file coords_15.cif (mmCIF, C-alpha atoms and all ligand atoms)
data_entry
#
loop_
_atom_site.label_atom_id
_atom_site.label_comp_id
_atom_site.auth_asym_id
_atom_site.auth_seq_id
_atom_site.Cartn_x
_atom_site.Cartn_y
_atom_site.Cartn_z
CA MET A 1 -23.08 28.20 -16.37
CA LYS A 2 -19.69 29.21 -14.95
CA SER A 3 -17.05 30.38 -17.40
CA LYS A 4 -14.08 29.20 -15.37
CA LYS A 5 -11.85 26.37 -16.60
CA ASP A 6 -11.10 23.23 -14.56
CA ILE A 7 -8.83 20.22 -15.01
CA LEU A 8 -10.66 17.32 -13.39
CA SER A 9 -10.00 14.87 -16.21
CA ILE A 10 -7.80 14.79 -19.28
CA SER A 11 -11.07 15.08 -21.23
CA ASP A 12 -11.49 18.63 -19.86
CA ILE A 13 -8.43 19.75 -21.81
CA LYS A 14 -8.77 17.51 -24.86
CA ASP A 15 -8.18 20.36 -27.32
CA GLU A 16 -5.65 22.15 -25.14
CA ILE A 17 -3.16 19.36 -24.44
CA PRO A 18 -0.60 20.42 -27.10
CA LYS A 19 -0.85 24.04 -25.92
CA ILE A 20 -0.27 23.07 -22.26
CA LEU A 21 2.67 20.83 -23.22
CA ASP A 22 4.13 23.67 -25.24
CA LEU A 23 3.83 25.96 -22.21
CA ALA A 24 5.46 23.31 -19.98
CA ILE A 25 8.41 23.08 -22.37
CA LYS A 26 8.71 26.88 -22.44
CA PHE A 27 8.78 26.95 -18.63
CA LYS A 28 11.45 24.25 -18.57
CA ASN A 29 13.55 26.15 -21.13
CA GLY A 30 13.26 29.35 -19.09
CA GLU A 31 11.34 31.13 -21.87
CA ILE A 32 8.65 32.49 -19.51
CA THR A 33 10.23 34.40 -16.69
CA ASP A 34 7.63 36.98 -15.70
CA LYS A 35 5.41 36.52 -12.63
CA PRO A 36 1.97 36.02 -14.23
CA LEU A 37 0.28 34.91 -11.00
CA GLU A 38 1.46 37.76 -8.80
CA GLY A 39 -1.08 38.42 -6.04
CA LYS A 40 -2.92 35.14 -6.68
CA SER A 41 -3.39 32.26 -4.24
CA LEU A 42 -3.93 28.53 -4.70
CA ALA A 43 -5.59 26.39 -1.99
CA MET A 44 -4.22 22.84 -2.01
CA ILE A 45 -6.46 20.29 -0.30
CA PHE A 46 -4.79 16.96 0.51
CA GLN A 47 -6.65 13.94 1.87
CA LYS A 48 -3.80 11.63 0.78
CA SER A 49 -0.02 11.78 1.12
CA SER A 50 2.08 13.50 -1.54
CA THR A 51 5.65 14.46 -2.30
CA ARG A 52 5.76 15.45 -5.99
CA THR A 53 2.29 16.94 -6.39
CA ARG A 54 2.48 19.05 -3.26
CA VAL A 55 6.01 20.32 -3.82
CA SER A 56 5.62 20.96 -7.55
CA PHE A 57 2.40 22.94 -7.08
CA GLU A 58 3.82 24.87 -4.14
CA VAL A 59 7.11 25.73 -5.85
CA GLY A 60 5.26 26.30 -9.13
CA MET A 61 2.98 28.91 -7.53
CA TYR A 62 5.99 30.59 -5.89
CA GLU A 63 7.92 30.73 -9.17
CA LEU A 64 4.90 32.26 -10.92
CA GLY A 65 4.74 35.00 -8.30
CA GLY A 66 1.75 33.59 -6.38
CA ASN A 67 1.08 32.00 -3.05
CA SER A 68 -0.12 28.52 -2.05
CA LEU A 69 -1.88 27.19 1.03
CA PHE A 70 -1.35 23.56 2.04
CA LEU A 71 -4.58 22.31 3.63
CA SER A 72 -4.34 18.75 4.94
CA SER A 73 -7.27 16.61 5.99
CA SER A 74 -6.42 17.29 9.62
CA ASP A 75 -6.73 21.06 9.06
CA LEU A 76 -9.99 21.43 7.21
CA GLN A 77 -13.57 21.40 8.53
CA LEU A 78 -14.39 19.60 5.26
CA PHE A 79 -13.07 16.38 6.73
CA ARG A 80 -15.15 16.85 9.91
CA GLY A 81 -18.28 16.87 7.80
CA GLU A 82 -18.61 20.44 6.51
CA PRO A 83 -20.37 20.20 3.12
CA ILE A 84 -18.19 20.37 0.01
CA SER A 85 -20.50 23.07 -1.35
CA ASP A 86 -19.86 25.42 1.61
CA THR A 87 -16.12 24.73 1.41
CA ALA A 88 -16.10 25.45 -2.33
CA LYS A 89 -18.06 28.70 -2.02
CA VAL A 90 -16.05 30.01 0.93
CA LEU A 91 -12.65 29.14 -0.55
CA SER A 92 -13.72 30.85 -3.79
CA ARG A 93 -13.95 34.15 -1.85
CA TYR A 94 -10.34 33.80 -0.63
CA VAL A 95 -8.33 32.15 -3.37
CA ASP A 96 -7.97 32.11 -7.17
CA GLY A 97 -7.73 28.36 -7.64
CA ILE A 98 -8.22 25.08 -5.76
CA MET A 99 -6.13 21.94 -6.19
CA ILE A 100 -7.50 18.83 -4.51
CA ARG A 101 -6.14 15.31 -3.91
CA THR A 102 -8.80 13.01 -2.53
CA PHE A 103 -10.38 9.56 -2.92
CA ASN A 104 -13.82 9.95 -4.51
CA HIS A 105 -13.80 11.57 -7.96
CA GLN A 106 -17.44 12.58 -7.44
CA ASP A 107 -16.32 14.88 -4.59
CA VAL A 108 -14.05 16.75 -6.98
CA LEU A 109 -16.87 17.11 -9.51
CA GLU A 110 -19.06 18.58 -6.75
CA LEU A 111 -16.28 20.91 -5.60
CA SER A 112 -15.86 22.16 -9.17
CA GLN A 113 -19.62 22.62 -9.61
CA GLU A 114 -19.85 24.78 -6.50
CA ALA A 115 -16.58 26.72 -6.78
CA ASP A 116 -16.27 29.99 -8.69
CA VAL A 117 -12.54 29.47 -9.26
CA PRO A 118 -10.67 26.84 -11.31
CA VAL A 119 -10.40 23.40 -9.71
CA ILE A 120 -7.50 21.05 -10.43
CA ASN A 121 -7.57 17.31 -9.80
CA GLY A 122 -4.33 16.46 -7.99
CA LEU A 123 -5.30 12.74 -7.96
CA THR A 124 -8.54 10.92 -7.27
CA ASN A 125 -9.26 7.23 -7.45
CA LEU A 126 -10.29 7.77 -11.07
CA GLU A 127 -7.67 10.06 -12.62
CA HIS A 128 -4.33 11.82 -12.27
CA PRO A 129 -4.36 14.33 -15.15
CA CYS A 130 -1.41 16.48 -13.95
CA GLN A 131 0.80 13.38 -13.87
CA ALA A 132 -0.22 12.44 -17.40
CA LEU A 133 0.71 15.90 -18.72
CA ALA A 134 4.21 15.70 -17.21
CA ASP A 135 4.55 12.17 -18.59
CA MET A 136 3.75 13.24 -22.14
CA GLN A 137 6.17 16.15 -21.79
CA THR A 138 8.81 13.59 -20.81
CA ILE A 139 8.03 11.35 -23.80
CA LEU A 140 8.25 14.32 -26.14
CA GLU A 141 11.58 15.28 -24.59
CA LYS A 142 13.05 11.77 -24.77
CA LYS A 143 11.54 10.52 -28.03
CA GLY A 144 10.86 13.73 -29.96
CA ASN A 145 7.29 12.79 -30.94
CA PHE A 146 4.33 10.54 -30.07
CA ASN A 147 4.83 8.15 -33.00
CA GLY A 148 5.96 5.21 -30.87
CA LYS A 149 4.14 2.61 -28.80
CA PHE A 150 3.30 3.24 -25.15
CA ALA A 151 3.00 0.14 -22.95
CA TYR A 152 1.40 0.37 -19.51
CA VAL A 153 1.75 -2.68 -17.27
CA GLY A 154 0.00 -3.34 -13.95
CA ASP A 155 -3.00 -1.76 -12.28
CA GLY A 156 -5.59 -0.08 -14.51
CA ASN A 157 -5.88 2.69 -11.94
CA ASN A 158 -6.04 6.51 -11.82
CA VAL A 159 -2.65 7.00 -13.49
CA CYS A 160 -3.46 4.43 -16.17
CA ASN A 161 -6.87 6.02 -16.90
CA SER A 162 -5.34 9.46 -17.48
CA LEU A 163 -2.51 8.01 -19.59
CA LEU A 164 -5.02 6.09 -21.69
CA LEU A 165 -6.94 9.30 -22.42
CA ILE A 166 -3.95 11.55 -23.03
CA SER A 167 -2.15 9.15 -25.35
CA THR A 168 -5.24 8.55 -27.47
CA TYR A 169 -5.95 12.30 -27.67
CA LEU A 170 -2.35 12.81 -28.82
CA GLY A 171 -2.57 9.94 -31.30
CA MET A 172 0.00 7.73 -29.56
CA ASP A 173 -0.55 3.96 -29.71
CA ILE A 174 -1.14 2.53 -26.25
CA SER A 175 -1.19 -1.04 -25.07
CA ILE A 176 -2.28 -1.78 -21.51
CA ALA A 177 -1.75 -5.11 -19.75
CA THR A 178 -3.53 -5.71 -16.45
CA PRO A 179 -4.62 -8.81 -14.59
CA LYS A 180 -8.31 -9.71 -14.98
CA GLY A 181 -10.43 -7.49 -12.74
CA TYR A 182 -7.93 -4.60 -12.82
CA GLN A 183 -8.67 -3.15 -16.28
CA PRO A 184 -8.92 0.61 -16.74
CA ASN A 185 -12.26 2.28 -16.04
CA LYS A 186 -14.82 1.11 -18.62
CA ASP A 187 -16.21 4.56 -19.50
CA ILE A 188 -12.68 5.89 -19.99
CA ALA A 189 -11.71 2.89 -22.13
CA ASP A 190 -14.83 3.45 -24.28
CA GLU A 191 -14.02 7.15 -24.59
CA ALA A 192 -10.44 6.29 -25.58
CA LYS A 193 -11.62 3.84 -28.24
CA ASN A 194 -13.90 6.53 -29.67
CA ILE A 195 -11.19 9.18 -29.72
CA SER A 196 -8.78 6.73 -31.32
CA LYS A 197 -11.05 6.55 -34.38
CA LYS A 198 -10.32 10.24 -34.93
CA THR A 199 -6.68 10.44 -33.88
CA GLY A 200 -5.58 7.09 -35.30
CA ALA A 201 -4.08 5.88 -32.01
CA ASP A 202 -4.15 2.11 -31.66
CA VAL A 203 -5.66 1.13 -28.27
CA GLN A 204 -5.08 -2.37 -26.91
CA ILE A 205 -6.26 -3.56 -23.51
CA THR A 206 -5.10 -7.07 -22.71
CA ASN A 207 -4.20 -9.44 -19.90
CA ILE A 208 -1.08 -10.61 -21.73
CA VAL A 209 1.85 -8.58 -20.52
CA GLU A 210 4.24 -9.76 -23.25
CA ASP A 211 1.84 -8.56 -25.97
CA ALA A 212 1.62 -5.10 -24.43
CA VAL A 213 5.38 -4.66 -24.05
CA PHE A 214 6.46 -6.23 -27.36
CA GLY A 215 8.22 -3.54 -29.44
CA ALA A 216 7.20 -0.74 -27.04
CA ASP A 217 9.09 2.55 -26.99
CA VAL A 218 7.87 3.45 -23.51
CA VAL A 219 7.25 0.99 -20.68
CA TYR A 220 5.32 2.44 -17.74
CA THR A 221 4.11 0.97 -14.47
CA ASP A 222 2.63 2.12 -11.15
CA VAL A 223 2.28 0.59 -7.70
CA TRP A 224 0.13 -2.49 -7.20
CA VAL A 225 -1.36 -1.05 -4.00
CA SER A 226 -2.56 2.52 -4.48
CA MET A 227 -3.53 4.82 -1.63
CA GLY A 228 -6.85 3.53 -0.34
CA ASN A 229 -6.19 -0.09 -1.48
CA GLU A 230 -4.09 -1.02 1.56
CA GLU A 231 -6.59 -3.59 2.84
CA GLU A 232 -6.24 -5.56 -0.41
CA LYS A 233 -2.45 -5.62 -0.15
CA GLU A 234 -1.95 -9.39 0.04
CA LYS A 235 -4.50 -10.23 -2.65
CA ARG A 236 -3.06 -7.61 -4.99
CA ARG A 237 0.51 -8.87 -4.53
CA ASN A 238 -0.66 -12.30 -5.68
CA ASP A 239 -2.82 -11.02 -8.51
CA PHE A 240 -0.06 -8.82 -9.96
CA ILE A 241 2.88 -11.18 -9.61
CA LYS A 242 3.16 -11.83 -13.39
CA TYR A 243 2.99 -8.10 -14.14
CA GLN A 244 6.33 -7.08 -12.68
CA VAL A 245 8.53 -4.96 -14.93
CA ASN A 246 11.89 -6.76 -14.85
CA THR A 247 14.89 -7.10 -17.15
CA GLU A 248 13.36 -10.08 -19.00
CA LEU A 249 10.22 -8.10 -19.78
CA MET A 250 12.20 -5.01 -20.84
CA LYS A 251 14.02 -7.19 -23.42
CA LEU A 252 10.72 -7.49 -25.32
CA ALA A 253 10.51 -3.70 -25.70
CA ALA A 254 12.44 -1.70 -28.32
CA GLU A 255 16.16 -1.60 -27.68
CA ASP A 256 16.01 2.13 -26.94
CA ALA A 257 12.79 1.95 -24.92
CA ILE A 258 12.51 4.17 -21.86
CA PHE A 259 11.12 3.08 -18.50
CA MET A 260 8.69 5.41 -16.70
CA HIS A 261 6.97 5.40 -13.30
CA CYS A 262 4.90 8.15 -11.68
CA LEU A 263 6.50 7.39 -8.29
CA PRO A 264 6.47 6.54 -5.45
CA ALA A 265 7.70 3.05 -6.47
CA ILE A 266 8.15 -0.17 -4.56
CA ARG A 267 11.30 -1.84 -5.81
CA GLY A 268 10.87 -5.61 -5.94
CA GLU A 269 7.11 -5.36 -6.48
CA GLU A 270 5.89 -3.63 -9.66
CA VAL A 271 9.46 -3.01 -10.87
CA VAL A 272 12.91 -4.39 -10.04
CA SER A 273 15.84 -2.12 -9.09
CA ASP A 274 17.82 -3.11 -12.19
CA VAL A 275 15.12 -1.49 -14.34
CA ILE A 276 14.02 1.52 -12.30
CA ASP A 277 17.61 2.42 -11.40
CA GLY A 278 19.01 1.30 -14.76
CA LEU A 279 20.04 3.16 -17.91
CA GLN A 280 16.61 3.04 -19.56
CA SER A 281 14.86 4.68 -16.61
CA VAL A 282 13.85 8.34 -16.92
CA ILE A 283 11.98 8.59 -13.62
CA ILE A 284 13.84 11.58 -12.17
CA ASP A 285 13.48 13.70 -15.32
CA GLN A 286 9.85 12.61 -15.35
CA ALA A 287 9.40 13.76 -11.76
CA GLU A 288 11.14 17.07 -12.55
CA ASN A 289 8.65 17.65 -15.34
CA ARG A 290 5.83 17.67 -12.79
CA LEU A 291 7.07 21.16 -11.83
CA HIS A 292 7.12 22.48 -15.40
CA ALA A 293 3.78 20.87 -16.30
CA GLN A 294 2.21 22.18 -13.08
CA LYS A 295 3.34 25.70 -13.93
CA ALA A 296 1.79 25.29 -17.36
CA VAL A 297 -1.49 24.13 -15.79
CA LEU A 298 -1.52 27.02 -13.30
CA TYR A 299 -0.71 29.53 -16.03
CA TYR A 300 -3.38 28.10 -18.36
CA LEU A 301 -6.09 28.10 -15.67
CA MET A 302 -5.29 31.10 -13.49
CA LYS A 303 -3.50 33.74 -15.55
N1 LIG B 401 3.35 10.95 -8.72
C1 LIG B 401 2.78 11.62 -7.71
O1 LIG B 401 1.67 12.16 -7.80
O2 LIG B 401 3.55 11.66 -6.59
P1 LIG B 401 3.10 12.14 -5.15
O3 LIG B 401 2.12 11.14 -4.63
O4 LIG B 401 4.37 12.18 -4.37
O5 LIG B 401 2.46 13.50 -5.27
N1 LIG B 402 -1.80 5.00 -8.19
C1 LIG B 402 -1.10 5.69 -7.12
C2 LIG B 402 -0.49 6.93 -7.66
C3 LIG B 402 0.24 7.76 -6.67
C4 LIG B 402 0.83 8.99 -7.29
C5 LIG B 402 -2.06 5.97 -5.99
O1 LIG B 402 -3.21 6.33 -6.25
O2 LIG B 402 -1.68 5.81 -4.83
#
call {"tool": "encode", "arguments": {"input": "coords_15.cif", "output": "structure tokens"}}
result
Amino acid sequence: MKSKKDILSISDIKDEIPKILDLAIKFKNGEITDKPLEGKSLAMIFQKSSTRTRVSFEVGMYELGGNSLFLSSSDLQLFRGEPISDTAKVLSRYVDGIMIRTFNHQDVLELSQEADVPVINGLTNLEHPCQALADMQTILEKKGNFNGKFAYVGDGNNVCNSLLLISTYLGMDISIATPKGYQPNKDIADEAKNISKKTGADVQITNIVEDAVFGADVVYTDVWVSMGNEEEKEKRRNDFIKYQVNTELMKLAAEDAIFMHCLPAIRGEEVVSDVIDGLQSVIIDQAENRLHAQKAVLYYLMK
């Protein structure tokens, strides 16, 4: 049994979430200024595009005194068929941590199993835990606590799965509205319902968008066509049409509700410009928090 820590799912840090958020806030406030990762390197494997995840990890490592290596799918033997196990073992001899963004969550589990260094999920088709941490940091910053209602509207995808777990672990009520056939992952939804019995979070998963958003303090959405779903583009646009976050829908939320989106966004699809570029939107602060949350994750795993 390896003693290293990983963050592949929000469940991996269930007892550590408040501690990581606290660290993220300290980084944002400039309360940790030493270089705790001096001499350490992070390999960053990307099989999908990225702006925020790549830049926040890269800058985060730099600011903590370490070094990062950007390894795209066109650079690595992994994507020419080299086994994940060989890649994991070899990289473990060079670097102190591995961040990976890929499609199949199972691949990340295998990488973690075989690696001797911490592995961080930078997005799979199942989860996006680093995003969820930055999102909860943002909610704490904007609302002061997790006592309100979180509404997620749209695709029950990777981002939604991690948000469902993190909000129930933190005891925040969450209401998710998706079209039929696009609900969050069943195992994750079951886990969330179990956790909610302990934390008191109310978990609703519905197809009725108005029910999810009614009285919400946070309204969150993500793209209808995630990376890897491009072939279903037309079908998804039709299936999600009633799940757009627009000004009418926002009127059902609390008057001081905030609008959140992990980005990138497609204006005119999952959200209209008036909302995402309007006064209730906190998307740029949310994106900034990826940097602080990433530093907290790196510090927690690699220091
Ligand atoms: N939200 C997010 O993960 O953005 P990128 O795809 O740009 O990394
Ligand atoms: N659900 C999106 C998130 C991107 C950050 C995707 O997987 O493409």
call {"tool": "closest_residue", "arguments": {"input": "coords_15.cif", "among": "A:Ile45, A:Asp239, A:Phe57, A:Asp222", "to": "A:Leu111", "atoms": "all atoms listed in the file"}}
result
A:Ile45
call {"tool": "residues_near_ligand", "arguments": {"input": "coords_15.cif", "ligand": "ligand LIG 402 (chain B)", "cutoff": "9 Å", "atoms": "all atoms listed in the file", "output": "PyMOL selection string"}}
result
chain A and resi 48-53+103+123-128+131+155-160+222-229+262-265
call {"tool": "atom_distance", "arguments": {"input": "coords_15.cif", "atom1": "atom CA of A:Leu78", "atom2": "atom CA of A:Pro129"}}
result
23.3 Å
call {"tool": "residues_around", "arguments": {"input": "coords_15.cif", "residues": "stretch 36-40 of chain A", "least_positions_apart": "6", "cutoff": "8 Å", "atoms": "only C-alpha atoms", "output": "number ranges by chain"}}
result
A: 61, 64-67, 95-96, 299, 302-303
call {"tool": "closest_residue", "arguments": {"input": "coords_15.cif", "among": "A:Lys251, A:Lys193, A:Arg80, A:Lys142", "to": "A:Leu165", "atoms": "only C-alpha atoms"}}
result
A:Lys193
call {"tool": "decode", "arguments": {"input": "coords_15.cif", "residues": "stretch 260-297 of chain A", "atoms": "C-alpha atoms", "output": "compact mmCIF listing (two decimals), in the first residue's frame"}}
result
# COMPACT_ATOMS: atom_id res chain seq x y z
CA MET A 260 -20.99 30.79 -11.84
CA HIS A 261 -19.47 28.89 -14.78
CA CYS A 262 -16.26 26.85 -14.87
CA LEU A 263 -15.45 28.25 -18.34
CA PRO A 264 -14.95 28.04 -21.26
CA ALA A 265 -18.54 29.17 -21.97
CA ILE A 266 -20.58 29.39 -25.13
CA ARG A 267 -22.68 32.54 -24.95
CA GLY A 268 -26.11 31.96 -26.48
CA GLU A 269 -26.06 28.24 -25.65
CA GLU A 270 -25.92 27.26 -21.96
CA VAL A 271 -25.95 30.91 -20.83
CA VAL A 272 -26.86 34.25 -22.40
CA SER A 273 -24.45 37.22 -22.44
CA ASP A 274 -26.74 39.31 -20.23
CA VAL A 275 -26.21 36.80 -17.42
CA ILE A 276 -22.59 35.72 -17.84
CA ASP A 277 -21.43 39.29 -18.47
CA GLY A 278 -23.95 40.82 -16.06
CA LEU A 279 -23.70 42.08 -12.48
CA GLN A 280 -24.50 38.74 -10.84
CA SER A 281 -21.69 36.91 -12.64
CA VAL A 282 -18.54 36.06 -10.67
CA ILE A 283 -16.82 34.04 -13.40
CA ILE A 284 -13.53 35.94 -13.48
CA ASP A 285 -13.02 35.84 -9.70
CA GLN A 286 -13.96 32.17 -9.92
CA ALA A 287 -11.32 31.58 -12.60
CA GLU A 288 -8.74 33.49 -10.54
CA ASN A 289 -9.43 31.18 -7.63
CA ARG A 290 -8.24 28.23 -9.72
CA LEU A 291 -4.70 29.57 -9.11
CA HIS A 292 -5.11 29.85 -5.33
CA ALA A 293 -6.90 26.50 -5.03
CA GLN A 294 -4.27 24.82 -7.23
CA LYS A 295 -1.51 26.13 -4.98
CA ALA A 296 -3.38 24.75 -1.99
CA VAL A 297 -3.68 21.35 -3.71
